[in-house]
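Q: Structure file input.cif (mmCIF, C-alpha atoms) right here:
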```cif
data_work
#
loop_
_atom_site.label_atom_id
_atom_site.label_comp_id
_atom_site.auth_asym_id
_atom_site.auth_seq_id
_atom_site.Cartn_x
_atom_site.Cartn_y
_atom_site.Cartn_z
CA MET A 34 -8.87 22.75 18.09
CA SER A 35 -8.99 20.95 21.38
CA ASN A 36 -10.84 23.86 22.98
CA THR A 37 -13.97 22.65 21.21
CA LEU A 38 -13.33 18.98 21.92
CA ARG A 39 -14.12 19.01 25.65
CA PRO A 40 -17.47 20.82 25.37
CA TYR A 41 -18.38 18.63 22.40
CA LEU A 42 -17.67 15.41 24.30
CA ASN A 43 -19.41 16.75 27.40
CA ALA A 44 -22.53 17.53 25.41
CA VAL A 45 -22.50 14.06 23.91
CA ARG A 46 -22.01 12.49 27.32
CA GLN A 47 -24.92 14.40 28.91
CA THR A 48 -27.24 13.61 26.02
CA LEU A 49 -26.30 9.95 26.02
CA THR A 50 -26.83 9.62 29.74
CA ALA A 51 -30.27 11.12 29.39
CA ALA A 52 -31.13 9.04 26.34
CA MET A 53 -30.00 5.75 27.74
CA CYS A 54 -33.15 5.17 29.80
CA LEU A 55 -34.26 2.02 28.09
CA GLU A 56 -36.77 -0.57 29.18
CA ASN A 57 -38.20 -3.69 27.73
CA PHE A 58 -41.07 -3.03 25.34
CA SER A 59 -42.76 -5.61 23.17
CA SER A 60 -43.72 -4.76 19.65
CA GLN A 61 -47.12 -3.16 19.29
CA VAL A 62 -47.37 -4.25 15.69
CA ALA A 63 -46.57 -7.97 15.77
CA GLU A 64 -47.66 -10.20 18.62
CA ARG A 65 -44.96 -11.89 20.73
CA HIS A 66 -42.23 -9.94 18.97
CA ASN A 67 -39.69 -7.78 20.65
CA LYS A 68 -37.71 -5.53 18.32
CA PRO A 69 -35.58 -2.41 18.71
CA GLU A 70 -38.13 0.28 18.00
CA VAL A 71 -35.56 2.78 16.73
CA GLU A 72 -34.80 0.40 13.86
CA VAL A 73 -38.31 -0.68 13.08
CA ARG A 74 -39.92 2.76 13.45
CA ALA A 75 -43.39 1.27 13.29
CA SER A 76 -45.08 3.21 16.07
CA LYS A 77 -44.61 6.95 16.29
CA GLU A 78 -45.40 7.27 19.97
CA VAL A 79 -42.44 5.22 21.17
CA LEU A 80 -39.89 7.26 19.21
CA LEU A 81 -38.26 10.33 20.68
CA ASN A 82 -36.88 13.35 18.83
CA PRO A 83 -33.46 12.74 17.28
CA VAL A 84 -30.67 15.07 18.39
CA ILE A 85 -27.61 16.16 16.38
CA ILE A 86 -24.58 17.47 18.26
CA SER A 87 -22.08 19.16 15.92
CA ARG A 88 -18.54 20.17 16.63
CA ASN A 89 -18.21 21.62 13.12
CA ASP A 90 -19.74 20.80 9.77
CA LYS A 91 -17.55 17.70 9.38
CA GLU A 92 -17.81 16.20 12.85
CA ARG A 93 -21.19 15.46 14.34
CA VAL A 94 -23.11 12.88 16.30
CA LEU A 95 -26.72 11.84 15.74
CA ILE A 96 -28.60 10.29 18.67
CA GLU A 97 -31.95 8.68 17.97
CA THR A 98 -33.83 7.22 20.90
CA SER A 99 -36.90 5.10 21.45
CA VAL A 100 -38.43 3.35 24.40
CA ASN A 101 -36.29 0.23 24.19
CA SER A 102 -33.32 1.16 22.02
CA LEU A 103 -30.88 3.90 21.12
CA ARG A 104 -28.98 4.51 17.91
CA LEU A 105 -25.82 6.61 17.92
CA SER A 106 -24.14 7.60 14.62
CA ILE A 107 -20.77 9.32 14.43
CA ALA A 108 -19.30 11.30 11.55
CA ILE A 109 -15.51 11.15 11.89
CA LYS A 110 -13.26 14.09 11.06
CA GLN A 111 -11.74 13.59 7.58
CA ALA A 112 -9.66 16.56 6.59
CA ASP A 113 -8.00 15.21 3.42
CA GLU A 114 -7.99 12.25 1.11
CA ILE A 115 -5.59 10.19 3.21
CA GLU A 116 -7.79 10.57 6.29
CA ARG A 117 -10.89 9.78 4.30
CA ILE A 118 -9.41 6.52 3.00
CA LEU A 119 -8.04 5.57 6.41
CA ALA A 120 -11.36 6.31 8.15
CA HIS A 121 -13.20 4.27 5.54
CA LYS A 122 -10.80 1.34 5.97
CA PHE A 123 -10.98 1.49 9.74
CA THR A 124 -14.78 1.63 9.97
CA ARG A 125 -15.10 -1.18 7.45
CA PHE A 126 -12.66 -3.26 9.50
CA LEU A 127 -14.73 -2.68 12.64
CA THR A 128 -18.12 -3.28 11.08
CA GLN A 129 -16.98 -6.54 9.52
CA ARG A 130 -16.28 -7.76 13.05
CA ALA A 131 -19.47 -6.36 14.53
CA GLU A 132 -20.48 -9.66 16.11
CA SER A 133 -17.69 -9.57 18.62
CA PHE A 134 -18.24 -5.85 19.10
CA VAL A 135 -21.69 -6.32 20.55
CA ILE A 136 -23.16 -2.85 20.30
CA LEU A 137 -21.88 -1.98 16.81
CA ARG A 138 -24.25 -1.74 13.86
CA ARG A 139 -23.11 -3.43 10.66
CA LYS A 140 -24.08 -0.56 8.41
CA PRO A 141 -23.72 3.09 9.33
CA ILE A 142 -26.61 5.46 8.84
CA GLU A 143 -26.58 7.62 5.68
CA GLY A 144 -24.27 10.56 6.08
CA TYR A 145 -22.32 9.07 8.96
CA ASP A 146 -19.31 6.81 9.24
CA ILE A 147 -20.18 4.42 12.05
CA SER A 148 -23.28 3.59 14.08
CA PHE A 149 -24.00 1.90 17.39
CA LEU A 150 -27.24 0.23 18.39
CA ILE A 151 -27.82 -0.12 22.13
CA THR A 152 -30.91 -1.99 23.31
CA ASN A 153 -32.46 -2.58 26.72
CA ALA A 154 -30.80 -6.01 26.77
CA HIS A 155 -27.41 -4.34 26.63
CA THR A 156 -28.22 -1.88 29.39
CA GLU A 157 -29.45 -4.73 31.57
CA GLN A 158 -26.19 -6.52 31.04
CA MET A 159 -23.82 -3.54 31.24
CA TYR A 160 -23.56 -0.52 33.47
CA LYS A 161 -24.97 2.60 31.85
CA HIS A 162 -22.30 5.00 33.03
CA LYS A 163 -19.56 2.66 31.85
CA LEU A 164 -21.20 2.33 28.45
CA VAL A 165 -21.30 6.10 28.12
CA ASP A 166 -17.63 6.28 29.15
CA PHE A 167 -16.83 3.65 26.57
CA ILE A 168 -18.49 5.54 23.74
CA ILE A 169 -16.82 8.82 24.60
CA GLN A 170 -13.47 7.09 24.79
CA PHE A 171 -14.16 5.40 21.45
CA MET A 172 -14.78 8.75 19.82
CA GLU A 173 -11.49 10.11 21.12
CA GLU A 174 -9.54 7.00 20.18
CA VAL A 175 -10.80 6.88 16.61
CA ASP A 176 -9.54 10.38 15.88
CA LYS A 177 -6.22 9.65 17.50
CA GLU A 178 -5.82 6.36 15.69
CA ILE A 179 -6.48 7.89 12.29
CA SER A 180 -3.94 10.66 12.80
CA GLU A 181 -1.37 8.13 14.00
CA MET A 182 -1.98 5.90 10.99
CA LYS A 183 -1.58 8.88 8.68
CA LEU A 184 1.72 9.84 10.32
CA SER A 185 3.04 6.32 10.12
CA LEU A 186 2.04 6.06 6.45
CA ASN A 187 4.01 9.19 5.66
CA SER A 188 7.05 8.08 7.61
CA ARG A 189 7.00 4.65 5.97
CA ALA A 190 6.88 6.24 2.54
CA ARG A 191 9.78 8.45 3.52
CA ILE A 192 11.90 5.54 4.73
CA VAL A 193 11.17 3.47 1.66
CA SER A 194 12.07 6.23 -0.77
CA GLU A 195 15.19 7.12 1.22
CA SER A 196 16.44 3.55 1.16
CA TYR A 197 15.68 3.11 -2.53
CA LEU A 198 17.41 6.31 -3.57
CA SER A 199 20.44 5.68 -1.38
CA GLN A 200 21.12 2.46 -3.26
CA PHE A 201 22.08 4.52 -6.26
CA ASN A 202 24.95 5.98 -4.36
CA MET B 275 14.16 -28.03 -14.69
CA ARG B 276 12.05 -25.00 -15.35
CA PHE B 277 11.78 -22.05 -13.08
CA ASN B 278 10.58 -18.47 -13.15
CA ASP B 279 11.66 -15.42 -11.28
CA PHE B 280 9.52 -12.60 -9.98
CA SER B 281 9.96 -10.44 -13.05
CA GLY B 282 8.11 -12.93 -15.22
CA ILE B 283 11.19 -14.36 -16.93
CA SER B 284 11.21 -18.13 -17.49
CA TYR B 285 14.31 -20.25 -17.44
CA HIS B 286 15.03 -23.78 -18.42
CA LEU B 287 18.08 -25.48 -17.01
CA ALA B 288 18.99 -28.92 -18.32
CA THR B 289 21.85 -31.33 -18.78
CA PRO B 290 21.52 -32.32 -22.41
CA ASN B 291 24.33 -34.88 -22.35
CA GLU B 292 23.77 -37.74 -20.03
CA GLU B 293 27.41 -38.81 -20.08
CA ASN B 294 28.81 -35.45 -19.29
CA LEU B 295 26.87 -34.11 -16.32
CA ASP B 296 29.01 -30.99 -16.13
CA GLN B 297 27.53 -29.69 -19.33
CA LEU B 298 24.63 -27.34 -18.60
CA ARG B 299 22.20 -25.63 -20.89
CA LEU B 300 20.38 -22.52 -19.66
CA SER B 301 17.61 -21.02 -21.75
CA ILE B 302 15.77 -17.82 -21.09
CA HIS B 303 12.40 -16.58 -22.25
CA TRP B 304 11.29 -13.00 -21.74
CA ASP B 305 8.36 -11.18 -23.31
CA CYS B 306 10.30 -8.08 -24.15
CA TRP B 307 13.10 -9.98 -25.88
CA ALA B 308 12.28 -8.56 -29.29
CA GLN B 309 12.55 -5.02 -27.99
CA LEU B 310 15.88 -5.75 -26.36
CA VAL B 311 17.29 -7.24 -29.56
CA GLN B 312 16.11 -4.17 -31.41
CA TYR B 313 18.25 -2.01 -29.20
CA GLY B 314 21.35 -4.10 -29.61
CA ALA B 315 21.10 -6.66 -26.87
CA MET B 316 22.78 -9.37 -28.95
CA ASP B 317 25.98 -7.35 -29.27
CA VAL B 318 26.35 -6.99 -25.54
CA LEU B 319 25.45 -10.61 -24.92
CA GLU B 320 27.98 -11.78 -27.47
CA ARG B 321 30.59 -9.66 -25.80
CA GLU B 322 29.79 -11.00 -22.34
CA TYR B 323 29.02 -14.62 -23.04
CA GLY B 324 30.37 -15.08 -26.56
CA PRO B 325 31.83 -18.58 -26.51
CA TRP B 326 28.83 -20.03 -24.76
CA ILE B 327 25.96 -18.88 -26.90
CA ALA B 328 24.15 -21.75 -28.55
CA SER B 329 22.33 -20.92 -31.69
CA PRO B 330 19.65 -21.56 -32.67
CA PRO B 331 18.03 -21.05 -29.28
CA GLU B 332 16.11 -23.91 -27.78
CA GLN B 333 12.58 -24.28 -29.00
CA GLY B 334 10.12 -22.07 -27.11
CA TYR B 335 12.85 -19.89 -25.66
CA ASP B 336 14.62 -16.77 -26.83
CA PHE B 337 18.22 -17.34 -25.90
CA THR B 338 20.34 -20.31 -24.90
CA LEU B 339 23.70 -20.69 -23.26
CA GLU B 340 25.67 -23.91 -23.06
CA PHE B 341 28.59 -24.14 -20.77
CA ASN B 342 30.74 -26.43 -18.77
CA VAL B 343 30.47 -25.96 -15.04
CA GLU B 344 34.14 -26.69 -14.48
CA GLY B 345 35.15 -23.97 -16.83
CA LEU B 346 33.25 -21.28 -15.02
CA VAL B 347 35.48 -18.69 -13.48
CA GLY B 348 34.92 -18.03 -9.80
CA ASP B 349 33.66 -14.50 -10.05
CA ASN B 350 31.17 -15.21 -12.78
CA ASP B 351 28.09 -14.78 -10.69
CA PRO B 352 25.41 -17.11 -12.06
CA GLY B 353 22.94 -14.47 -11.02
CA ALA B 354 24.30 -12.29 -13.80
CA PHE B 355 22.96 -14.75 -16.35
CA GLU B 356 19.49 -14.10 -15.17
CA ARG B 357 19.29 -10.47 -16.20
CA ALA B 358 19.34 -9.54 -19.84
CA PHE B 359 19.56 -5.83 -19.25
CA ALA B 360 21.71 -5.26 -22.25
CA ALA B 361 19.77 -2.39 -23.70
CA GLN B 362 20.18 -0.30 -20.61
CA ALA B 363 23.89 -1.02 -20.54
CA GLN B 364 24.11 0.12 -24.09
CA ALA B 365 22.23 3.29 -23.31
CA LYS B 366 24.67 4.08 -20.58
CA GLU B 367 27.62 3.50 -22.84
CA GLU B 368 26.15 5.60 -25.56
CA ASN B 369 25.68 8.31 -23.02
CA ASP B 370 29.38 8.41 -22.37
CA GLN B 371 30.57 8.33 -25.92
CA ASN B 372 27.90 9.95 -27.90
CA PHE B 373 27.13 13.59 -27.32
CA ASP B 374 24.06 13.82 -29.44
CA PRO B 375 21.59 16.12 -27.71
CA ASN B 376 19.01 15.78 -30.44
CA ALA B 377 18.13 12.20 -29.84
CA ILE B 378 14.41 12.37 -29.43
CA ASN B 379 13.42 8.77 -29.68
CA PHE B 380 12.80 6.86 -26.56
CA MET B 381 13.78 3.26 -26.29
CA ARG B 382 10.82 1.39 -24.98
CA ILE B 383 11.01 -1.84 -23.06
CA ASP B 384 8.24 -3.68 -21.25
CA PRO B 385 10.00 -5.74 -18.63
CA HIS B 386 6.74 -6.87 -17.22
CA ARG B 387 3.10 -7.08 -18.21
CA ASP B 388 2.21 -4.16 -15.96
CA GLU B 389 5.33 -2.10 -16.35
CA ARG B 390 6.72 0.01 -19.17
CA MET B 391 10.12 1.59 -19.27
CA TYR B 392 11.34 4.34 -21.58
CA ILE B 393 15.00 5.27 -21.79
CA ARG B 394 16.60 8.19 -23.49
CA HIS B 395 20.09 9.50 -23.30
CA HIS B 396 21.06 13.15 -23.24
CA ARG B 397 24.40 14.82 -23.15
CA ASP B 398 24.47 15.24 -19.40
CA TYR B 399 22.26 12.51 -18.07
CA THR B 400 20.10 9.54 -18.87
CA THR B 401 16.35 9.71 -18.52
CA VAL B 402 14.47 6.65 -17.42
CA ILE B 403 10.69 6.75 -17.23
CA ILE B 404 8.84 3.89 -15.63
CA GLY B 405 5.09 3.47 -15.98
CA ILE B 406 3.37 0.99 -13.70
CA ALA B 407 -0.22 -0.14 -14.16
CA LEU B 408 -2.39 0.29 -11.10
CA ASP B 409 -5.62 -1.14 -12.46
CA ASP B 410 -5.81 -4.05 -10.10
CA LEU B 411 -5.06 -2.00 -7.03
CA ASP B 412 -7.82 -0.44 -4.98
CA GLU B 413 -8.08 3.14 -3.88
CA ALA B 414 -6.05 2.75 -0.72
CA ASP B 415 -3.17 1.08 -2.57
CA ARG B 416 -3.10 3.82 -5.15
CA LEU B 417 -2.87 6.27 -2.29
CA PHE B 418 0.19 4.45 -0.94
CA VAL B 419 1.81 4.56 -4.37
CA ARG B 420 1.07 8.26 -4.63
CA LEU B 421 2.57 8.95 -1.20
CA THR B 422 5.72 6.97 -1.99
CA PHE B 423 6.17 8.74 -5.30
CA GLU B 424 5.78 12.13 -3.66
CA GLU B 425 8.37 11.23 -1.07
CA LEU B 426 10.76 9.97 -3.75
CA LYS B 427 10.46 13.23 -5.59
CA HIS B 428 10.84 15.27 -2.44
CA ARG B 429 13.84 13.31 -1.20
CA SER B 430 15.68 13.47 -4.45
CA GLN B 431 15.32 17.23 -4.61
CA LEU B 432 16.69 17.97 -1.17
CA PRO B 433 19.83 20.06 -1.52
CA ASN B 434 22.17 18.00 0.59
CA TYR B 435 21.35 14.79 -1.25
CA SER B 436 21.35 16.00 -4.81
CA HIS B 437 24.85 14.86 -5.56
CA ARG B 438 24.19 11.35 -4.39
CA TYR B 439 20.76 10.47 -5.67
CA PRO B 440 19.29 10.46 -9.13
CA LEU B 441 16.85 13.26 -9.60
CA VAL B 442 13.16 12.42 -9.76
CA VAL B 443 11.50 15.01 -11.92
CA HIS B 444 8.04 13.58 -12.40
CA ALA B 445 6.21 11.29 -10.02
CA ARG B 446 2.49 11.36 -10.56
CA VAL B 447 -0.35 8.92 -10.84
CA SER B 448 -2.35 9.04 -14.07
CA VAL B 449 -0.40 11.95 -15.49
CA PRO B 450 2.32 10.89 -17.93
CA PRO B 451 5.44 12.99 -18.11
CA PRO B 452 5.31 15.52 -20.97
CA GLU B 453 8.11 13.83 -22.90
CA ILE B 454 6.09 10.73 -23.62
CA ALA B 455 2.58 12.12 -23.48
CA GLN B 456 2.31 12.18 -27.24
CA LEU B 457 3.22 8.57 -27.82
CA GLU B 458 0.28 6.55 -29.03
CA GLU B 459 0.35 3.81 -26.50
CA VAL B 460 0.38 6.37 -23.72
CA VAL B 461 -2.63 8.15 -25.12
CA GLN B 462 -4.49 4.90 -25.54
CA ASP B 463 -3.65 4.04 -22.03
CA SER B 464 -5.24 7.10 -20.53
CA SER B 465 -8.34 5.14 -19.65
CA HIS B 466 -6.31 2.91 -17.39
CA CYS B 467 -4.68 4.09 -14.25
CA ARG B 468 -0.90 4.23 -14.54
CA ALA B 469 1.69 5.72 -12.26
CA TYR B 470 4.65 7.41 -13.92
CA ILE B 471 8.00 8.22 -12.45
CA ALA B 472 10.93 9.79 -14.27
CA PHE B 473 14.51 9.44 -13.07
CA LEU B 474 17.35 11.55 -14.34
CA ILE B 475 20.61 9.74 -13.78
CA PRO B 476 23.67 11.93 -13.80
CA PRO B 477 26.89 10.53 -15.29
CA ARG B 478 28.83 10.54 -12.05
CA LEU B 479 26.62 7.75 -10.72
CA ILE B 480 27.42 5.48 -13.65
CA GLU B 481 31.11 6.00 -14.09
CA THR B 482 32.29 2.45 -13.68
CA LYS B 483 30.88 -0.67 -15.22
CA GLU B 484 30.15 -2.21 -11.85
CA ARG B 485 28.13 0.81 -10.81
CA ARG B 486 26.22 0.67 -14.09
CA ASP B 487 25.32 -2.96 -13.68
CA TYR B 488 24.35 -2.38 -10.11
CA ILE B 489 22.14 0.58 -10.94
CA ILE B 490 20.50 -1.33 -13.75
CA SER B 491 19.55 -4.17 -11.46
CA GLN B 492 18.28 -1.67 -8.88
CA ARG B 493 15.99 -0.22 -11.47
CA MET B 494 14.67 -3.56 -12.55
CA ILE B 495 13.43 -4.26 -9.06
CA PHE B 496 11.60 -0.93 -8.70
CA ARG B 497 8.19 -2.38 -9.43
CA ASP B 498 8.70 -5.36 -7.16
CA TYR B 499 9.96 -3.03 -4.46
CA LEU B 500 6.83 -0.93 -4.78
CA GLN B 501 4.48 -3.92 -4.66
CA TYR B 502 6.24 -5.26 -1.61
CA HIS B 503 5.98 -1.88 0.09
CA ILE B 504 2.23 -1.77 -0.60
CA LYS B 505 1.75 -5.22 0.88
CA CYS B 506 3.78 -4.36 3.96
CA THR B 507 1.80 -1.17 4.47
CA LYS B 508 -1.49 -3.02 4.21
CA GLY B 509 -0.29 -5.60 6.70
CA PHE B 510 0.88 -2.91 9.06
CA LEU B 511 -2.46 -1.07 8.92
CA ASN B 512 -4.35 -4.30 9.50
CA PHE B 513 -2.16 -5.05 12.48
CA ARG B 514 -2.86 -1.64 13.99
CA MET B 515 -6.59 -1.85 13.39
CA ARG B 516 -6.79 -5.32 14.89
CA ARG B 517 -4.97 -4.09 17.96
CA GLU B 518 -7.40 -1.19 18.30
CA LEU B 519 -10.37 -3.50 17.89
CA ASN B 520 -9.12 -5.86 20.56
CA GLY B 521 -8.57 -2.93 22.89
CA HIS B 522 -12.14 -1.75 22.36
CA ILE B 523 -13.61 -5.19 22.88
CA LYS B 524 -11.71 -5.62 26.12
CA ARG B 525 -12.97 -2.27 27.37
CA LEU B 526 -16.50 -3.19 26.40
CA GLU B 527 -16.24 -6.39 28.37
CA ARG B 528 -15.30 -4.36 31.39
CA THR B 529 -18.61 -2.50 31.24
CA SER B 530 -20.48 -5.72 31.88
CA LYS B 531 -22.16 -6.21 35.26
CA ASP B 532 -20.77 -9.71 35.48
CA TYR B 533 -17.24 -8.58 34.85
CA VAL B 534 -14.77 -9.86 37.40
CA PRO B 535 -11.36 -8.21 37.28
CA PRO B 536 -8.64 -10.83 36.81
CA ALA B 537 -7.12 -11.92 40.09
CA ARG B 538 -3.85 -10.19 40.67
CA PHE B 539 -0.94 -11.72 42.39
CA SER B 540 -1.07 -9.77 45.62
CA GLY B 541 2.24 -10.84 47.04
CA ILE B 542 3.44 -13.34 49.55
CA ASN B 543 2.25 -11.64 52.67
CA ARG B 544 -1.48 -12.20 52.55
CA ARG B 545 -3.43 -12.01 55.68
CA GLY B 546 -5.41 -15.18 56.05
#
```
Please, can you express the file's structure as structure tokens?

A:
Amino acid sequence: MSNTLRPYLNAVRQTLTAAMCLENFSSQVAERHNKPEVEVRASKEVLLNPVIISRNDKERVLIETSVNSLRLSIAIKQADEIERILAHKFTRFLTQRAESFVILRRKPIEGYDISFLITNAHTEQMYKHKLVDFIIQFMEEVDKEISEMKLSLNSRARIVSESYLSQFN
Amino acid sequence: MRFNDFSGISYHLATPNEENLDQLRLSIHWDCWAQLVQYGAMDVLEREYGPWIASPPEQGYDFTLEFNVEGLVGDNDPGAFERAFAAQAQAKEENDQNFDPNAINFMRIDPHRDERMYIRHHRDYTTVIIGIALDDLDEADRLFVRLTFEELKHRSQLPNYSHRYPLVVHARVSVPPPEIAQLEEVVQDSSHCRAYIAFLIPPRLIETKERRDYIISQRMIFRDYLQYHIKCTKGFLNFRMRRELNGHIKRLERTSKDYVPPARFSGINRRG
């Protein structure tokens, strides 16, 4: 399946690089307020068209952009029940610690497992190309981590049952 | 002095005579005592600890032993007092002597609030079915239980191990084994989530008395073993996830414009 991974990640990288052109923009609705427009969605003219990049029907990425903020939502591959539970546990673990993980959103968007919110403040503080690298690497690592956790769960169960049964000998 | 052990059994250890401090009284209280007595526990206990049984038992407890510490023989492991697994021992003995293949009734014992055990003896083997309540576990924990049960079943059925391990014929969550599915308490229980596992113990594993006692105590700790495994798995997953999170946060810090890579020790020969 890795023959679709590289083009998928490349497409996400190109789209992110293009979308991450953010600048400071005060709210047009409330005076002296400055809010991420992609969250507020008050003015239609500052929102761009959302883009979905799909690897297959289970794995996709939604990128919504506005003039001062960008929202990226990822649907993680969950082939069976074990992976579904592990992915759910992992994303909940991350989102509960979203304060230290600056660009993470506390609640994912409907239909997706995890969401990032990147504002102009973040892009002023961090390099854009490094942020894009980070997100691509995050997507790869999450898949890897979930398969490793699944393998280790199975091997732990095997060791436990082996040691219990051998005590009968 | 009162103490409990992890299976929910309470003990009371006292020196009733103040003059004679070697005299000890040990009382035991266990919720499933009535069931054990029904299956003949008193006979086995009288055989094992006959001269020491004090009757009537101490108030609030089910069974009392009084003995003199000096008179205890060296190999009488005090730990053996703590397990009244008489009914299982009897089942094993019946298995050897009694070749009645038509015994349909299961002996039912509830060693713990959340755990039910059914024992039946056949001509060739003894069946032990353990049902463990999973109501207070969340979805992930039930998954761990399911995985462990599947592995137990798989392991026990491997050809090169079959002569050494008891056979696990049924290891499912929420599906009771067909032998007990008609019992009323099982049917009533179907709204709760229970995991069932059925062991078939062949006679060669229980040939000597020591092996029998050992196997009985192994079975008693099955539920505790399972709970401990679940906790360890949760801890392990948390550890992994925390490590991942810390890795991500470090990488995110590196994307910052103010990030300064930590100074590395560049060796002794530095050009000034």

Q: Just give me the gap between atom CA of Ile147 of chain A and atom CA of Val100 of chain A in Å, one decimal is fine.

A: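 Between these atoms lies a distance of 22.1 Å.
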
Q: As a check of understanding, name the residues that the PyMOL selection byres ((chain B) within 8 of (chain A)) selects in the supplied structure, as number ranges by chain.

A: B: 413-414, 417-418, 421-423, 425-426, 429-430, 438-440, 479, 489, 492, 503, 507, 511, 515, 519, 522-523, 525-526, 529-532

Q: For this file, the PyMOL selection byres ((chain A and resi 107-110) around 6) selects which residues, as a PyMOL selection string?

A: chain A and resi 91-94+106+111+145-147

Q: Using only C-alpha atoms, please write the residues we just selected to a file, as a PDB file, in the frame of the given file.

A:
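To be explicit, this is the file written out as part31.pdb:
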```pdb
ATOM      1  CA  LYS A  91     -17.550  17.700   9.380  1.00  0.00           C
ATOM      2  CA  GLU A  92     -17.810  16.200  12.850  1.00  0.00           C
ATOM      3  CA  ARG A  93     -21.190  15.460  14.340  1.00  0.00           C
ATOM      4  CA  VAL A  94     -23.110  12.880  16.300  1.00  0.00           C
ATOM      5  CA  SER A 106     -24.140   7.600  14.620  1.00  0.00           C
ATOM      6  CA  GLN A 111     -11.740  13.590   7.580  1.00  0.00           C
ATOM      7  CA  TYR A 145     -22.320   9.070   8.960  1.00  0.00           C
ATOM      8  CA  ASP A 146     -19.310   6.810   9.240  1.00  0.00           C
ATOM      9  CA  ILE A 147     -20.180   4.420  12.050  1.00  0.00           C
TER      10      ILE A 147
END
```

Q: Edge lengths and centre in Å to one decimal, as AutoDock Vina command-line options, is what I'm after for the box along x, y and z that holds all listed atoms of segment 493-499 of chain B once 4 Å is added on each side.

A:
```
--center_x 12.1 --center_y -2.8 --center_z -8.5 --size_x 15.8 --size_y 13.1 --size_z 16.1
```

Q: Would you mind reading off the distance between atom CA of Ile302 of chain B and atom CA of Arg394 of chain B, one decimal, in Å?

A: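 Taking atom CA of Ile302 of chain B as the start and atom CA of Arg394 of chain B as the end point, the length is 26.1 Å.
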
Q: Which residues match the PyMOL selection byres ((chain A and resi 43-56) around 7) in the file above, as a list in words?

A: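 Output from the PyMOL selection byres ((chain A and resi 43-56) around 7), applied to this file: Arg39, Pro40, Tyr41, Leu42, Asn57, Phe58, Ile86, Thr98, Val100, Asn101, Ser102, Leu103, Asn153, Val165 and Ile169 of chain A.
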
Q: Interatomic distance between atom CA of Arg390 of chain B and atom CA of Leu287 of chain B?

A: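 Separation between atom CA of Arg390 of chain B and atom CA of Leu287 of chain B: 28.0 Å.
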
Q: With all atoms listed in the file as the counted atoms, please give the residues lying no more than 8 Å from Leu137 of chain A, apart from itself and same-chain residues fewer than 5 positions off, as a PyMOL selection string.

A: chain A and resi 128+131-132+148-150
